[in-house]
Amino acid sequence: MPEFNLVALLEQLVNQQSTINVYFPAHSPPTDSLALRVPFPRLEIVLDGTVIDRCLPPDQPRLLSPAILYIPADKWNQPQWEGPATTLSILFSKQKLGFSLQHWDGQTLISQLTHLADTLTKSKALYVAIKDYIDENAFRPLNRDSVAKQFHITPNYLSHLFQKAGSMGFNDYLTAVRLELAKKMLRGYELKIKEIAHQCGFEDSNYFCRLFRKHTARSPSEYRRHCRTR
């Protein structure tokens, strides 16, 4: 297999003058044990030649360079080679990007892992995981101590993570998520303001109202009326 420059290949793809077609697989079970499946999304890019992939519907055209096949996480694909062709796979795991090249010369398929890059440092990955946890659990009685305990770190280190990796501190982020949740509930539900406050993680409804006005320049009731008259 000839040596390939990954950056040059990506630049060549970006600078393509012709239309790049993007394809999506049919949602069906794998056809046989040769199907490829991984727990994260990936792109299969045909750089040169033509490839058939059995994950596509039977009436789908062949993947003619330049073409991109998007494979969601836990979905399969199974390329078949008609003639000489080169493909680039880009794998998007949570903390890494993987790049690999496959080249079929007409007789032999050669695969080459070209690059494996960290997309997140350990601290950044932890920060993202904590944000996801807050996003999903903001309605619970969260605080700095309880979240730190959930991730087996100290409260001070939790604060350090938000100061280093984020644009706002822990308390400010938690408040912002809860207020966005409150806005959504005010727009879509007929619940009392006190009930919304409690369901968004605010124990004191009066404090919720003051905080809501501070961030939106409207009381919760005014915000609800404003949304419904637009």
# chains A, B, ... in the order shown; residues from 1 in each chain; ligands from 1
$ select_by_dssp --residues "stretch 2-131 of chain A" --states "strand (DSSP E)" --output "PyMOL selection string"
chain A and resi 21-23+36-37+42-48+50-53+63-64+67-71+76-77+79-81+85-92+96-104+109-118
$ residues_around --residues "A:Leu47" --least-positions-apart "5" --cutoff "12 Å" --atoms "only C-alpha atoms" --output "PDB file with N, CA and C atoms, in the first residue's frame"
ATOM      1  N   PHE A   4       0.357   7.326   2.614  1.00  0.00           N
ATOM      2  CA  PHE A   4      -0.604   8.410   2.473  1.00  0.00           C
ATOM      3  C   PHE A   4      -0.364   9.445   3.555  1.00  0.00           C
ATOM      4  N   LEU A   6      -2.197  11.908   5.853  1.00  0.00           N
ATOM      5  CA  LEU A   6      -3.565  12.077   6.321  1.00  0.00           C
ATOM      6  C   LEU A   6      -4.061  13.507   6.117  1.00  0.00           C
ATOM      7  N   ALA A   8      -3.056  15.733   3.987  1.00  0.00           N
ATOM      8  CA  ALA A   8      -3.239  15.990   2.560  1.00  0.00           C
ATOM      9  C   ALA A   8      -4.527  15.358   2.048  1.00  0.00           C
ATOM     10  N   LEU A   9      -4.838  14.156   2.539  1.00  0.00           N
ATOM     11  CA  LEU A   9      -6.061  13.491   2.123  1.00  0.00           C
ATOM     12  C   LEU A   9      -7.299  14.274   2.563  1.00  0.00           C
ATOM     13  N   LEU A  10      -7.274  14.753   3.807  1.00  0.00           N
ATOM     14  CA  LEU A  10      -8.409  15.520   4.314  1.00  0.00           C
ATOM     15  C   LEU A  10      -8.547  16.845   3.577  1.00  0.00           C
ATOM     16  N   GLU A  11      -7.423  17.503   3.302  1.00  0.00           N
ATOM     17  CA  GLU A  11      -7.477  18.753   2.550  1.00  0.00           C
ATOM     18  C   GLU A  11      -8.017  18.514   1.145  1.00  0.00           C
ATOM     19  N   GLN A  12      -7.614  17.413   0.545  1.00  0.00           N
ATOM     20  CA  GLN A  12      -8.103  17.071  -0.786  1.00  0.00           C
ATOM     21  C   GLN A  12      -9.617  16.878  -0.761  1.00  0.00           C
ATOM     22  N   LEU A  13     -10.125  16.237   0.289  1.00  0.00           N
ATOM     23  CA  LEU A  13     -11.557  16.010   0.403  1.00  0.00           C
ATOM     24  C   LEU A  13     -12.308  17.326   0.584  1.00  0.00           C
ATOM     25  N   VAL A  14     -11.776  18.193   1.451  1.00  0.00           N
ATOM     26  CA  VAL A  14     -12.433  19.472   1.718  1.00  0.00           C
ATOM     27  C   VAL A  14     -12.448  20.353   0.479  1.00  0.00           C
ATOM     28  N   GLN A  16     -12.634  19.477  -2.604  1.00  0.00           N
ATOM     29  CA  GLN A  16     -13.261  18.868  -3.776  1.00  0.00           C
ATOM     30  C   GLN A  16     -14.150  19.885  -4.489  1.00  0.00           C
ATOM     31  N   ILE A  20     -20.084  16.188  -3.081  1.00  0.00           N
ATOM     32  CA  ILE A  20     -19.805  14.996  -2.283  1.00  0.00           C
ATOM     33  C   ILE A  20     -21.128  14.450  -1.773  1.00  0.00           C
ATOM     34  N   LEU A  63     -21.108   3.566  -4.196  1.00  0.00           N
ATOM     35  CA  LEU A  63     -20.393   4.689  -3.599  1.00  0.00           C
ATOM     36  C   LEU A  63     -19.227   5.053  -4.517  1.00  0.00           C
ATOM     37  N   LEU A  64     -19.432   6.078  -5.302  1.00  0.00           N
ATOM     38  CA  LEU A  64     -18.436   6.514  -6.276  1.00  0.00           C
ATOM     39  C   LEU A  64     -17.692   7.719  -5.725  1.00  0.00           C
ATOM     40  N   SER A  65     -16.372   7.665  -5.736  1.00  0.00           N
ATOM     41  CA  SER A  65     -15.559   8.759  -5.212  1.00  0.00           C
ATOM     42  C   SER A  65     -15.899  10.083  -5.897  1.00  0.00           C
ATOM     43  N   PRO A  66     -16.051  11.199  -5.091  1.00  0.00           N
ATOM     44  CA  PRO A  66     -15.993  11.246  -3.623  1.00  0.00           C
ATOM     45  C   PRO A  66     -17.375  10.987  -3.027  1.00  0.00           C
ATOM     46  N   ALA A  67     -17.441  10.122  -2.042  1.00  0.00           N
ATOM     47  CA  ALA A  67     -18.707   9.795  -1.392  1.00  0.00           C
ATOM     48  C   ALA A  67     -18.446   9.507   0.084  1.00  0.00           C
ATOM     49  N   ILE A  68     -19.435   9.790   0.915  1.00  0.00           N
ATOM     50  CA  ILE A  68     -19.320   9.578   2.352  1.00  0.00           C
ATOM     51  C   ILE A  68     -20.500   8.731   2.821  1.00  0.00           C
ATOM     52  N   LEU A  69     -20.201   7.705   3.584  1.00  0.00           N
ATOM     53  CA  LEU A  69     -21.224   6.864   4.199  1.00  0.00           C
ATOM     54  C   LEU A  69     -21.160   7.079   5.707  1.00  0.00           C
ATOM     55  N   PRO A  84     -10.055  -1.555  -8.013  1.00  0.00           N
ATOM     56  CA  PRO A  84      -9.162  -0.784  -7.155  1.00  0.00           C
ATOM     57  C   PRO A  84      -9.870   0.431  -6.546  1.00  0.00           C
ATOM     58  N   ALA A  85      -9.699   0.585  -5.252  1.00  0.00           N
ATOM     59  CA  ALA A  85     -10.364   1.689  -4.541  1.00  0.00           C
ATOM     60  C   ALA A  85      -9.635   1.948  -3.232  1.00  0.00           C
ATOM     61  N   THR A  86      -9.782   3.177  -2.740  1.00  0.00           N
ATOM     62  CA  THR A  86      -9.201   3.575  -1.456  1.00  0.00           C
ATOM     63  C   THR A  86     -10.276   4.256  -0.622  1.00  0.00           C
ATOM     64  N   THR A  87     -10.406   3.837   0.633  1.00  0.00           N
ATOM     65  CA  THR A  87     -11.376   4.456   1.532  1.00  0.00           C
ATOM     66  C   THR A  87     -10.677   4.901   2.814  1.00  0.00           C
ATOM     67  N   LEU A  88     -11.229   5.930   3.420  1.00  0.00           N
ATOM     68  CA  LEU A  88     -10.744   6.445   4.699  1.00  0.00           C
ATOM     69  C   LEU A  88     -11.860   6.313   5.716  1.00  0.00           C
ATOM     70  N   SER A  89     -11.575   5.662   6.842  1.00  0.00           N
ATOM     71  CA  SER A  89     -12.544   5.541   7.932  1.00  0.00           C
ATOM     72  C   SER A  89     -12.161   6.515   9.041  1.00  0.00           C
ATOM     73  N   LEU A 101      -6.991   3.747   6.822  1.00  0.00           N
ATOM     74  CA  LEU A 101      -7.110   3.672   5.372  1.00  0.00           C
ATOM     75  C   LEU A 101      -7.239   2.223   4.930  1.00  0.00           C
ATOM     76  N   GLN A 102      -8.074   1.993   3.938  1.00  0.00           N
ATOM     77  CA  GLN A 102      -8.190   0.679   3.331  1.00  0.00           C
ATOM     78  C   GLN A 102      -7.965   0.844   1.827  1.00  0.00           C
ATOM     79  N   HIS A 103      -7.140  -0.012   1.285  1.00  0.00           N
ATOM     80  CA  HIS A 103      -6.847   0.056  -0.151  1.00  0.00           C
ATOM     81  C   HIS A 103      -6.997  -1.327  -0.767  1.00  0.00           C
ATOM     82  N   TRP A 104      -7.838  -1.415  -1.798  1.00  0.00           N
ATOM     83  CA  TRP A 104      -8.027  -2.663  -2.542  1.00  0.00           C
ATOM     84  C   TRP A 104      -7.379  -2.482  -3.906  1.00  0.00           C
TER      85      TRP A 104
END
$ residues_around --residues "A:Leu158" --least-positions-apart "2" --cutoff "9 Å" --atoms "only C-alpha atoms" --output "JSON, numbers by chain"
{"A": [127, 130, 144, 145, 147, 148, 153, 154, 155, 156, 160, 161, 162, 163, 170]}
$ write_last_selection --atoms "C-alpha atoms" --output "PDB file, in the first residue's frame"
ATOM      1  CA  TYR A 127     -15.820  17.848  32.867  1.00  0.00           C
ATOM      2  CA  ILE A 130     -20.212  16.027  34.844  1.00  0.00           C
ATOM      3  CA  ARG A 144     -21.283  20.870  44.699  1.00  0.00           C
ATOM      4  CA  ASP A 145     -20.738  18.213  47.378  1.00  0.00           C
ATOM      5  CA  VAL A 147     -22.007  15.980  42.433  1.00  0.00           C
ATOM      6  CA  ALA A 148     -18.386  15.676  43.539  1.00  0.00           C
ATOM      7  CA  ILE A 153     -13.651  13.691  43.419  1.00  0.00           C
ATOM      8  CA  THR A 154     -13.347  16.482  45.975  1.00  0.00           C
ATOM      9  CA  PRO A 155     -15.648  19.539  45.829  1.00  0.00           C
ATOM     10  CA  ASN A 156     -12.589  21.759  45.361  1.00  0.00           C
ATOM     11  CA  HIS A 160     -11.327  23.665  39.589  1.00  0.00           C
ATOM     12  CA  LEU A 161     -12.629  21.642  36.622  1.00  0.00           C
ATOM     13  CA  PHE A 162     -15.322  24.210  35.853  1.00  0.00           C
ATOM     14  CA  GLN A 163     -12.908  27.103  36.217  1.00  0.00           C
ATOM     15  CA  PHE A 170     -20.274  25.056  38.843  1.00  0.00           C
TER      16      PHE A 170
END
$ residues_around --residues "A:Arg187" --least-positions-apart "6" --cutoff "8 Å" --atoms "only C-alpha atoms" --output "list in words"
Arg224, Cys227 and Arg228 of chain A
$ residues_around --residues "A:Asn77" --least-positions-apart "6" --cutoff "8 Å" --atoms "only C-alpha atoms" --output "PyMOL selection string"
chain A and resi 25+30+35-37+53-55+71
$ select_by_dssp --residues "stretch 174-226 of chain A" --states "helix (DSSP H, G or I)" --output "MDAnalysis selection string"
chainID A and resid 174:188 193:199 205:216 220:226
$ write_last_selection --atoms "C-alpha atoms" --output "PDB file, in the first residue's frame"
ATOM      1  CA  LEU A 174     -26.281  24.439  37.504  1.00  0.00           C
ATOM      2  CA  THR A 175     -28.421  27.568  37.786  1.00  0.00           C
ATOM      3  CA  ALA A 176     -28.353  28.137  34.010  1.00  0.00           C
ATOM      4  CA  VAL A 177     -29.480  24.559  33.311  1.00  0.00           C
ATOM      5  CA  ARG A 178     -32.284  24.796  35.867  1.00  0.00           C
ATOM      6  CA  LEU A 179     -33.506  28.113  34.480  1.00  0.00           C
ATOM      7  CA  GLU A 180     -33.593  26.721  30.949  1.00  0.00           C
ATOM      8  CA  LEU A 181     -35.628  23.797  32.266  1.00  0.00           C
ATOM      9  CA  ALA A 182     -37.965  26.246  34.002  1.00  0.00           C
ATOM     10  CA  LYS A 183     -38.437  28.222  30.769  1.00  0.00           C
ATOM     11  CA  LYS A 184     -39.385  25.048  28.946  1.00  0.00           C
ATOM     12  CA  MET A 185     -41.932  24.144  31.621  1.00  0.00           C
ATOM     13  CA  LEU A 186     -43.379  27.649  31.684  1.00  0.00           C
ATOM     14  CA  ARG A 187     -43.898  27.506  27.931  1.00  0.00           C
ATOM     15  CA  GLY A 188     -45.439  24.062  27.837  1.00  0.00           C
ATOM     16  CA  ILE A 193     -44.955  28.716  39.589  1.00  0.00           C
ATOM     17  CA  LYS A 194     -44.197  27.071  42.936  1.00  0.00           C
ATOM     18  CA  GLU A 195     -44.558  23.609  41.388  1.00  0.00           C
ATOM     19  CA  ILE A 196     -42.275  24.506  38.491  1.00  0.00           C
ATOM     20  CA  ALA A 197     -39.667  25.879  40.887  1.00  0.00           C
ATOM     21  CA  HIS A 198     -39.612  22.645  42.869  1.00  0.00           C
ATOM     22  CA  GLN A 199     -39.535  20.455  39.766  1.00  0.00           C
ATOM     23  CA  SER A 205     -39.940  29.419  45.043  1.00  0.00           C
ATOM     24  CA  ASN A 206     -39.367  33.043  46.077  1.00  0.00           C
ATOM     25  CA  TYR A 207     -35.650  32.661  45.437  1.00  0.00           C
ATOM     26  CA  PHE A 208     -36.488  31.053  42.094  1.00  0.00           C
ATOM     27  CA  CYS A 209     -38.628  34.039  41.110  1.00  0.00           C
ATOM     28  CA  ARG A 210     -35.901  36.533  42.061  1.00  0.00           C
ATOM     29  CA  LEU A 211     -33.283  34.547  40.183  1.00  0.00           C
ATOM     30  CA  PHE A 212     -35.521  34.153  37.139  1.00  0.00           C
ATOM     31  CA  ARG A 213     -36.166  37.905  36.951  1.00  0.00           C
ATOM     32  CA  LYS A 214     -32.461  38.618  37.371  1.00  0.00           C
ATOM     33  CA  HIS A 215     -31.581  36.480  34.346  1.00  0.00           C
ATOM     34  CA  THR A 216     -34.546  37.227  32.078  1.00  0.00           C
ATOM     35  CA  PRO A 220     -41.911  33.635  35.621  1.00  0.00           C
ATOM     36  CA  SER A 221     -45.551  34.687  35.125  1.00  0.00           C
ATOM     37  CA  GLU A 222     -44.563  37.526  32.800  1.00  0.00           C
ATOM     38  CA  TYR A 223     -42.323  35.186  30.832  1.00  0.00           C
ATOM     39  CA  ARG A 224     -45.191  32.705  30.400  1.00  0.00           C
ATOM     40  CA  ARG A 225     -47.584  35.420  29.189  1.00  0.00           C
ATOM     41  CA  HIS A 226     -44.958  36.822  26.840  1.00  0.00           C
TER      42      HIS A 226
END
$ residues_around --residues "A:Val51" --least-positions-apart "4" --cutoff "7 Å" --atoms "only C-alpha atoms" --output "list in words"
Arg62, Leu63, Leu64, Pro79, Gln80, Trp81 and Glu82 of chain A
$ write_last_selection --atoms "N, CA and C atoms" --output "tab-separated table (two decimals), in the first residue's frame"
chain	number	residue	atom	x	y	z
A	62	ARG	N	-23.97	2.79	-6.24
A	62	ARG	CA	-22.65	2.48	-5.72
A	62	ARG	C	-22.02	3.75	-5.15
A	63	LEU	N	-21.11	3.57	-4.20
A	63	LEU	CA	-20.39	4.69	-3.60
A	63	LEU	C	-19.23	5.05	-4.52
A	64	LEU	N	-19.43	6.08	-5.30
A	64	LEU	CA	-18.44	6.51	-6.28
A	64	LEU	C	-17.69	7.72	-5.72
A	79	PRO	N	-18.43	-3.40	3.33
A	79	PRO	CA	-18.00	-2.98	1.99
A	79	PRO	C	-17.65	-4.16	1.10
A	80	GLN	N	-17.91	-3.98	-0.17
A	80	GLN	CA	-17.51	-4.95	-1.18
A	80	GLN	C	-16.81	-4.18	-2.30
A	81	TRP	N	-15.74	-4.76	-2.80
A	81	TRP	CA	-14.85	-4.05	-3.72
A	81	TRP	C	-15.01	-4.60	-5.13
A	82	GLU	N	-15.35	-3.71	-6.07
A	82	GLU	CA	-15.49	-4.10	-7.47
A	82	GLU	C	-14.17	-4.00	-8.22
$ closest_residue --among "A:Gln78, A:Ser111, A:Ser100, A:Asn171" --to "A:Ile134" --atoms "only C-alpha atoms"
A:Asn171
